[in-house]
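Comments concern the structure below.
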Amino acid sequence: MDSEANNQSIVPKKEPNDFIFGRVLGEGSFSTVYLAKDIQSGKEFAIKVCEKRHILREKKQQYVKREKEVLMLLSKHAKTSAPFFVRLFCTFQDHSSLYFVLTRATNGDLLTYLQKAEKFEEDVARFYTAELVHAVEHMHLLGVIHRDLKPENILLDTHRHILITDFGSAKIIPQPPFLPETENSDGTARRSSFVGTAQYVSPEILTDKRSSPASDLWAIGCILYQMLDGNPPFQARSEYAIFQKILKLEFQYPPLFPSVAQDFISKLLVIDSKERLGAQDFGGYPSIKNHRFFESIDFDTLHLKTPPRPT
Ligand code: ADE
């Protein structure tokens with residue numbers, strides 16, 4: 001199964017007939033994810049199917065190509081260093097579709113858990129935020145900005161550890177000393193038409209359409225707020241009204257919102273992306289991990305812990 005992640009492998013290329021396709025696990029704007037069983041091994045996977053006709057019609061070729069590149073980059077060392085991402089095992093195609101064979105997350109997504117629980121207790125929110133910070137730190141060290149972090153894109157594996165998914169909006173920042181023409185000298189990505197998902201989008205993407213790793217840090221602030229409150233911080237009837245609130249930093253903490261979490265979130269939900277906690281860190285996010293909110297967390301052994309049951 002490692003034919004893509006390890007191109008030294010002599011495993012023959014897989015094809016659709018090697019799998020039994022089951023129910024739909026999820027649907028995106030130009031793809032459908034199916035539960036699938038590898039007939040030979042009996043193992044279950046999630047297979048993302050992108051219809052070529054649809055991709056061409058919607059001009060999404062760049063997004064699909066980017067998603068594959070990012071998944072391959074993250075999957076290269078998946079066994080040893082990056083447990084918190086869905087892994088790409090292989091890809092194949094037929095005349096009509098492209099297929100991505102991915103880790104199947106057996107416990108669904110974080111949004112569903114959150115909606116069932118209404119909101120999380122502080123320790124549960126802390127644990128999942130810590131896993132998210134750890135994963136985002138790893139991703140950023142590899143030069144990948146996700147740009148669409150939200151509870152729907154955080155899946156949960158058999159043990160309820162997180163698996164970040166959906167890299168269709170991601171951006172790869174080439175590592176210095178190479179700065180190709182698509183990047184600016186300050187490392188911010190060139191202007192693009194992308195905005196992500198309204199509730200989690202950072203102000204710099206709205207004002208100058210430039211994303212940076214700090215755009216993912218803003219999203220982490222929104223997601224933690226949502227885990228503790230039940231709703232994301234910026235909500236309104238229309239996307240336009242949400243954007244106005246984001247640009248004015250118009251949100252409040254409800255009474256009894258945990259105070260240390262409040263301090264942490266307020267250091268991430270900062271309009272100037274350079275002033276966000278972690279934005280000035282070099283090589284990892286020590287200033288985020290050392291915040292008092294994470295006092296009880298050992299980031300190096302998170303993947304060995306039993307995640308608290310989301311309640
Ligand atoms: N829905 C979307 N992607 C999925 C995955 N990898 N596992 C389970 N459900 C999913």
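A note on labels: chains of the structure tokens are A, B, ... as shown, every chain counts residues from 1, and ligands are counted from 1 in their shown order.
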(message) Please extract the residues of region 7-172 of chain A with a backbone DSSP assignment of strand (DSSP E) and present them as JSON, numbers by chain.
(response) {"A": [19, 20, 21, 22, 23, 24, 25, 26, 27, 32, 33, 34, 35, 36, 37, 38, 44, 45, 46, 47, 48, 49, 50, 51, 88, 89, 90, 91, 92, 93, 97, 98, 99, 100, 101, 102, 144, 145, 154, 155, 156, 162, 163, 164, 171, 172]}
With N, CA and C atoms kept, could you save the residues just selected as a tab-separated table (two decimals), in the first residue's frame?
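Below is the file that was written, result23.tsv:
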```tsv
chain	number	residue	atom	x	y	z
A	19	PHE	N	-10.71	-2.65	-4.30
A	19	PHE	CA	-11.44	-2.23	-3.09
A	19	PHE	C	-12.94	-2.52	-3.22
A	20	ILE	N	-13.56	-2.79	-2.07
A	20	ILE	CA	-15.02	-2.82	-2.04
A	20	ILE	C	-15.46	-1.48	-1.48
A	21	PHE	N	-16.19	-0.72	-2.28
A	21	PHE	CA	-16.63	0.61	-1.85
A	21	PHE	C	-17.91	0.51	-1.03
A	22	GLY	N	-17.95	1.22	0.09
A	22	GLY	CA	-19.12	1.21	0.97
A	22	GLY	C	-19.81	2.56	1.01
A	23	ARG	N	-20.26	2.94	2.20
A	23	ARG	CA	-21.07	4.15	2.33
A	23	ARG	C	-20.24	5.43	2.17
A	24	VAL	N	-20.97	6.52	1.92
A	24	VAL	CA	-20.32	7.82	1.82
A	24	VAL	C	-19.98	8.31	3.22
A	25	LEU	N	-18.71	8.71	3.41
A	25	LEU	CA	-18.29	9.23	4.73
A	25	LEU	C	-18.36	10.75	4.76
A	26	GLY	N	-18.21	11.34	3.60
A	26	GLY	CA	-18.24	12.81	3.57
A	26	GLY	C	-18.30	13.32	2.15
A	27	GLU	N	-18.80	14.55	2.02
A	27	GLU	CA	-18.87	15.14	0.69
A	27	GLU	C	-18.28	16.54	0.70
A	32	THR	N	-16.03	13.20	-3.17
A	32	THR	CA	-16.82	12.41	-2.23
A	32	THR	C	-15.88	11.42	-1.57
A	33	VAL	N	-16.01	11.26	-0.24
A	33	VAL	CA	-15.16	10.31	0.48
A	33	VAL	C	-15.99	9.07	0.81
A	34	TYR	N	-15.49	7.89	0.40
A	34	TYR	CA	-16.20	6.63	0.64
A	34	TYR	C	-15.41	5.77	1.63
A	35	LEU	N	-16.14	5.00	2.40
A	35	LEU	CA	-15.52	3.94	3.17
A	35	LEU	C	-15.18	2.85	2.17
A	36	ALA	N	-13.99	2.26	2.28
A	36	ALA	CA	-13.61	1.22	1.31
A	36	ALA	C	-12.74	0.18	1.99
A	37	LYS	N	-12.89	-1.06	1.54
A	37	LYS	CA	-12.11	-2.15	2.13
A	37	LYS	C	-11.15	-2.69	1.07
A	38	ASP	N	-9.88	-2.76	1.43
A	38	ASP	CA	-8.89	-3.35	0.55
A	38	ASP	C	-9.11	-4.86	0.56
A	44	GLU	N	-9.59	-1.35	6.24
A	44	GLU	CA	-10.51	-0.28	5.82
A	44	GLU	C	-9.77	1.03	5.60
A	45	PHE	N	-10.20	1.75	4.58
A	45	PHE	CA	-9.64	3.07	4.28
A	45	PHE	C	-10.78	4.02	3.96
A	46	ALA	N	-10.41	5.31	3.90
A	46	ALA	CA	-11.36	6.31	3.37
A	46	ALA	C	-10.80	6.68	2.00
A	47	ILE	N	-11.60	6.51	0.95
A	47	ILE	CA	-11.09	6.86	-0.39
A	47	ILE	C	-11.81	8.11	-0.88
A	48	LYS	N	-10.99	9.13	-1.16
A	48	LYS	CA	-11.53	10.39	-1.68
A	48	LYS	C	-11.56	10.29	-3.20
A	49	VAL	N	-12.74	10.45	-3.76
A	49	VAL	CA	-12.91	10.32	-5.21
A	49	VAL	C	-13.23	11.69	-5.81
A	50	CYS	N	-12.38	12.12	-6.73
A	50	CYS	CA	-12.59	13.42	-7.38
A	50	CYS	C	-12.91	13.15	-8.85
A	51	GLU	N	-14.08	13.57	-9.28
A	51	GLU	CA	-14.49	13.33	-10.66
A	51	GLU	C	-13.77	14.32	-11.59
A	88	LEU	N	-1.82	9.62	3.41
A	88	LEU	CA	-2.11	9.18	2.04
A	88	LEU	C	-1.32	7.90	1.79
A	89	PHE	N	-2.05	6.80	1.52
A	89	PHE	CA	-1.37	5.53	1.30
A	89	PHE	C	-1.02	5.33	-0.17
A	90	CYS	N	-1.92	5.69	-1.05
A	90	CYS	CA	-1.61	5.63	-2.48
A	90	CYS	C	-2.67	6.40	-3.26
A	91	THR	N	-2.37	6.66	-4.51
A	91	THR	CA	-3.36	7.31	-5.40
A	91	THR	C	-3.43	6.48	-6.67
A	92	PHE	N	-4.57	6.56	-7.34
A	92	PHE	CA	-4.68	5.96	-8.68
A	92	PHE	C	-5.79	6.68	-9.40
A	93	GLN	N	-5.98	6.35	-10.66
A	93	GLN	CA	-7.05	7.00	-11.42
A	93	GLN	C	-7.64	6.05	-12.44
A	97	SER	N	-12.19	9.35	-12.83
A	97	SER	CA	-11.93	9.93	-11.50
A	97	SER	C	-10.49	9.76	-11.02
A	98	LEU	N	-10.14	10.60	-10.03
A	98	LEU	CA	-8.88	10.45	-9.29
A	98	LEU	C	-9.23	9.89	-7.92
A	99	TYR	N	-8.39	9.01	-7.39
A	99	TYR	CA	-8.67	8.35	-6.11
A	99	TYR	C	-7.51	8.58	-5.15
A	100	PHE	N	-7.84	9.04	-3.92
A	100	PHE	CA	-6.83	9.20	-2.86
A	100	PHE	C	-7.19	8.21	-1.75
A	101	VAL	N	-6.30	7.25	-1.48
A	101	VAL	CA	-6.55	6.28	-0.41
A	101	VAL	C	-5.98	6.82	0.91
A	102	LEU	N	-6.88	7.11	1.85
A	102	LEU	CA	-6.51	7.82	3.08
A	102	LEU	C	-6.82	6.99	4.33
A	144	VAL	N	3.95	24.04	5.42
A	144	VAL	CA	2.57	23.91	4.95
A	144	VAL	C	1.63	24.76	5.81
A	145	ILE	N	0.85	25.63	5.15
A	145	ILE	CA	-0.23	26.37	5.85
A	145	ILE	C	-1.53	25.68	5.43
A	154	ILE	N	-11.20	18.34	11.45
A	154	ILE	CA	-10.43	17.64	12.48
A	154	ILE	C	-11.17	16.33	12.77
A	155	LEU	N	-10.63	15.24	12.23
A	155	LEU	CA	-11.26	13.93	12.42
A	155	LEU	C	-10.67	13.26	13.65
A	156	LEU	N	-11.34	12.20	14.11
A	156	LEU	CA	-10.87	11.49	15.31
A	156	LEU	C	-10.64	10.02	14.98
A	162	ILE	N	-6.62	13.27	17.25
A	162	ILE	CA	-7.03	14.01	16.06
A	162	ILE	C	-6.28	13.57	14.80
A	163	LEU	N	-6.97	13.71	13.67
A	163	LEU	CA	-6.36	13.51	12.34
A	163	LEU	C	-6.82	14.69	11.49
A	164	ILE	N	-5.92	15.62	11.22
A	164	ILE	CA	-6.30	16.78	10.40
A	164	ILE	C	-6.45	16.32	8.95
A	171	LYS	N	-1.35	25.70	1.35
A	171	LYS	CA	-0.31	26.41	0.60
A	171	LYS	C	1.02	25.87	1.08
A	172	ILE	N	1.95	25.64	0.17
A	172	ILE	CA	3.29	25.23	0.59
A	172	ILE	C	4.21	26.44	0.45
```
(request) May I ask which of the residues A:Gln62, A:Thr197, A:Gln115, A:Asn153 is the closest one to ligand 1, counting only C-alpha atoms and all ligand atoms? (result) A:Asn153
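Each of A:His54, A:Thr158, A:His77, A:Gln226 was checked against Leu111 (chain A) using only C-alpha atoms; the smallest atom-to-atom distance is that of A:Gln226.
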(request) Compare A:Leu74, A:Leu110, A:Leu217, A:Ile265 by their minimum atom-to-atom distance to ligand 1, counting only C-alpha atoms and all ligand atoms, and give me the closest one. (result) A:Leu110
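If you measure from each of A:Glu58, A:Glu121, A:Asp94, A:Glu152 to ligand 1 using only C-alpha atoms and all ligand atoms, the closest one turns out to be A:Glu152.
Closest to Pro16 (chain A) among A:Arg309, A:Arg210, A:Arg87, A:His95 is A:His95, based on only C-alpha atoms.
The coordinates place atom 7 (N, counted along the ligand's line) of ligand 1 at 25.1 Å from CA of Ser215 (chain A).
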(request) as a VMD selection string, list the residues of region 188-300 of chain A assigned to alpha helix (DSSP H) by DSSP on the backbone atoms of this structure. (result) chain A and resid 203 to 207 213 to 229 239 to 247 259 to 268 286 to 289
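With only C-alpha atoms and all ligand atoms as the atoms that count, the minimum distance from ligand 1 to the choices A:Asp148, A:Ala130, A:Glu137, A:Thr165 is reached by A:Thr165.
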(request) Work out how far atom 7 (N, counted along the ligand's line) of ligand 1 is from CA of Tyr63 (chain A), in Å to one decimal. (result) 19.6 Å
(message) I'd like the contact shell of Pro310 (chain A) - 8 Å cut-off, only C-alpha atoms, skipping same-chain residues fewer than 5 positions apart - returned as number ranges by chain.
(response) A: 113-114, 117, 120-121, 124
Could you list, as an mmCIF file with C-alpha atoms, in the first residue's frame, every residue within 12 Å of Leu224 (chain A), counting only C-alpha atoms and ignoring same-chain residues fewer than 6 positions away?
```cif
data_model
loop_
_atom_site.group_PDB
_atom_site.id
_atom_site.type_symbol
_atom_site.label_atom_id
_atom_site.label_comp_id
_atom_site.auth_asym_id
_atom_site.auth_seq_id
_atom_site.Cartn_x
_atom_site.Cartn_y
_atom_site.Cartn_z
ATOM 1 C CA LEU A 110 -14.761 17.050 16.050
ATOM 2 C CA LEU A 111 -17.768 19.161 15.039
ATOM 3 C CA LEU A 114 -18.914 19.093 19.877
ATOM 4 C CA LYS A 119 -19.538 22.345 24.638
ATOM 5 C CA PHE A 120 -16.433 20.692 26.073
ATOM 6 C CA GLU A 121 -15.138 20.768 29.604
ATOM 7 C CA GLU A 122 -11.930 22.766 29.885
ATOM 8 C CA ASP A 123 -9.652 19.691 30.120
ATOM 9 C CA VAL A 124 -11.157 18.169 26.974
ATOM 10 C CA ALA A 125 -10.801 21.454 25.069
ATOM 11 C CA ARG A 126 -7.212 21.788 26.345
ATOM 12 C CA PHE A 127 -6.273 18.289 25.200
ATOM 13 C CA TYR A 128 -7.664 18.745 21.686
ATOM 14 C CA THR A 129 -6.155 22.227 21.359
ATOM 15 C CA ALA A 130 -2.773 20.817 22.443
ATOM 16 C CA GLU A 131 -2.965 18.120 19.751
ATOM 17 C CA LEU A 132 -3.961 20.778 17.236
ATOM 18 C CA VAL A 133 -1.032 23.049 18.220
ATOM 19 C CA LEU A 149 -8.752 24.670 9.878
ATOM 20 C CA LYS A 150 -12.177 24.127 11.481
ATOM 21 C CA PRO A 151 -13.844 21.417 13.582
ATOM 22 C CA TYR A 200 -12.474 30.901 10.936
ATOM 23 C CA LEU A 217 -3.005 30.340 14.596
ATOM 24 C CA TRP A 218 -6.054 32.646 14.346
ATOM 25 C CA GLY A 230 -20.350 25.769 21.747
ATOM 26 C CA ASN A 231 -20.313 28.445 19.025
ATOM 27 C CA PRO A 232 -17.444 30.126 17.178
ATOM 28 C CA PRO A 233 -16.591 33.701 18.283
ATOM 29 C CA PHE A 257 -15.626 31.556 30.371
ATOM 30 C CA PRO A 258 -12.398 30.034 31.830
ATOM 31 C CA ALA A 261 -8.231 30.102 28.193
ATOM 32 C CA GLN A 262 -9.578 33.624 27.657
ATOM 33 C CA ASP A 263 -6.061 35.070 28.003
ATOM 34 C CA PHE A 264 -4.697 32.501 25.522
ATOM 35 C CA ILE A 265 -7.461 33.072 22.952
ATOM 36 C CA SER A 266 -7.062 36.856 23.235
ATOM 37 C CA LEU A 268 -4.317 34.503 19.155
ATOM 38 C CA LEU A 269 -7.291 36.612 18.042
ATOM 39 C CA PHE A 293 -3.257 27.261 29.546
#
```
(request) Using atom 5 (C, counted along the ligand's line) of ligand 1 and CA of Phe85 (chain A) as the two end points, give the distance in Å to one decimal. (result) 10.4 Å
(message) Taking 5 positions as the minimum chain separation for residues in the same chain, which residues sit within 9 Å of region 140-143 of chain A when counting only C-alpha atoms? Answer as an MDAnalysis selection string.
(response) chainID A and resid 73:74 135 171:175 213 283:284
Limited to N, CA and C atoms, could you put the picked residues into a file as a PDB file, in the first residue's frame?
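Generated output (part16.pdb):
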```pdb
ATOM      1  N   LEU A  73       3.800  15.016   1.267  1.00  0.00           N
ATOM      2  CA  LEU A  73       4.830  15.616   2.129  1.00  0.00           C
ATOM      3  C   LEU A  73       4.620  15.188   3.590  1.00  0.00           C
ATOM      4  N   LEU A  74       3.365  15.283   4.047  1.00  0.00           N
ATOM      5  CA  LEU A  74       3.068  14.940   5.438  1.00  0.00           C
ATOM      6  C   LEU A  74       3.139  13.427   5.672  1.00  0.00           C
ATOM      7  N   ALA A 135       0.197  19.479  15.979  1.00  0.00           N
ATOM      8  CA  ALA A 135       0.069  19.138  14.556  1.00  0.00           C
ATOM      9  C   ALA A 135       0.397  20.346  13.674  1.00  0.00           C
ATOM     10  N   LYS A 171      -1.350  25.700   1.349  1.00  0.00           N
ATOM     11  CA  LYS A 171      -0.314  26.410   0.599  1.00  0.00           C
ATOM     12  C   LYS A 171       1.025  25.868   1.082  1.00  0.00           C
ATOM     13  N   ILE A 172       1.948  25.642   0.171  1.00  0.00           N
ATOM     14  CA  ILE A 172       3.291  25.230   0.587  1.00  0.00           C
ATOM     15  C   ILE A 172       4.206  26.435   0.450  1.00  0.00           C
ATOM     16  N   ILE A 173       4.841  26.820   1.556  1.00  0.00           N
ATOM     17  CA  ILE A 173       5.816  27.919   1.494  1.00  0.00           C
ATOM     18  C   ILE A 173       7.183  27.289   1.293  1.00  0.00           C
ATOM     19  N   PRO A 174       7.791  27.524   0.142  1.00  0.00           N
ATOM     20  CA  PRO A 174       9.121  26.933  -0.049  1.00  0.00           C
ATOM     21  C   PRO A 174      10.089  27.420   1.020  1.00  0.00           C
ATOM     22  N   GLN A 175      10.912  26.516   1.502  1.00  0.00           N
ATOM     23  CA  GLN A 175      11.817  26.846   2.596  1.00  0.00           C
ATOM     24  C   GLN A 175      12.999  27.654   2.080  1.00  0.00           C
ATOM     25  N   PRO A 213       1.516  31.562   8.064  1.00  0.00           N
ATOM     26  CA  PRO A 213       1.271  30.545   9.087  1.00  0.00           C
ATOM     27  C   PRO A 213       0.388  31.081  10.220  1.00  0.00           C
ATOM     28  N   GLY A 283      11.177  28.331  14.452  1.00  0.00           N
ATOM     29  CA  GLY A 283      11.361  26.891  14.622  1.00  0.00           C
ATOM     30  C   GLY A 283      10.484  26.334  15.718  1.00  0.00           C
ATOM     31  N   GLY A 284       9.209  26.175  15.448  1.00  0.00           N
ATOM     32  CA  GLY A 284       8.280  25.641  16.445  1.00  0.00           C
ATOM     33  C   GLY A 284       7.555  26.766  17.146  1.00  0.00           C
TER      34      GLY A 284
END
```
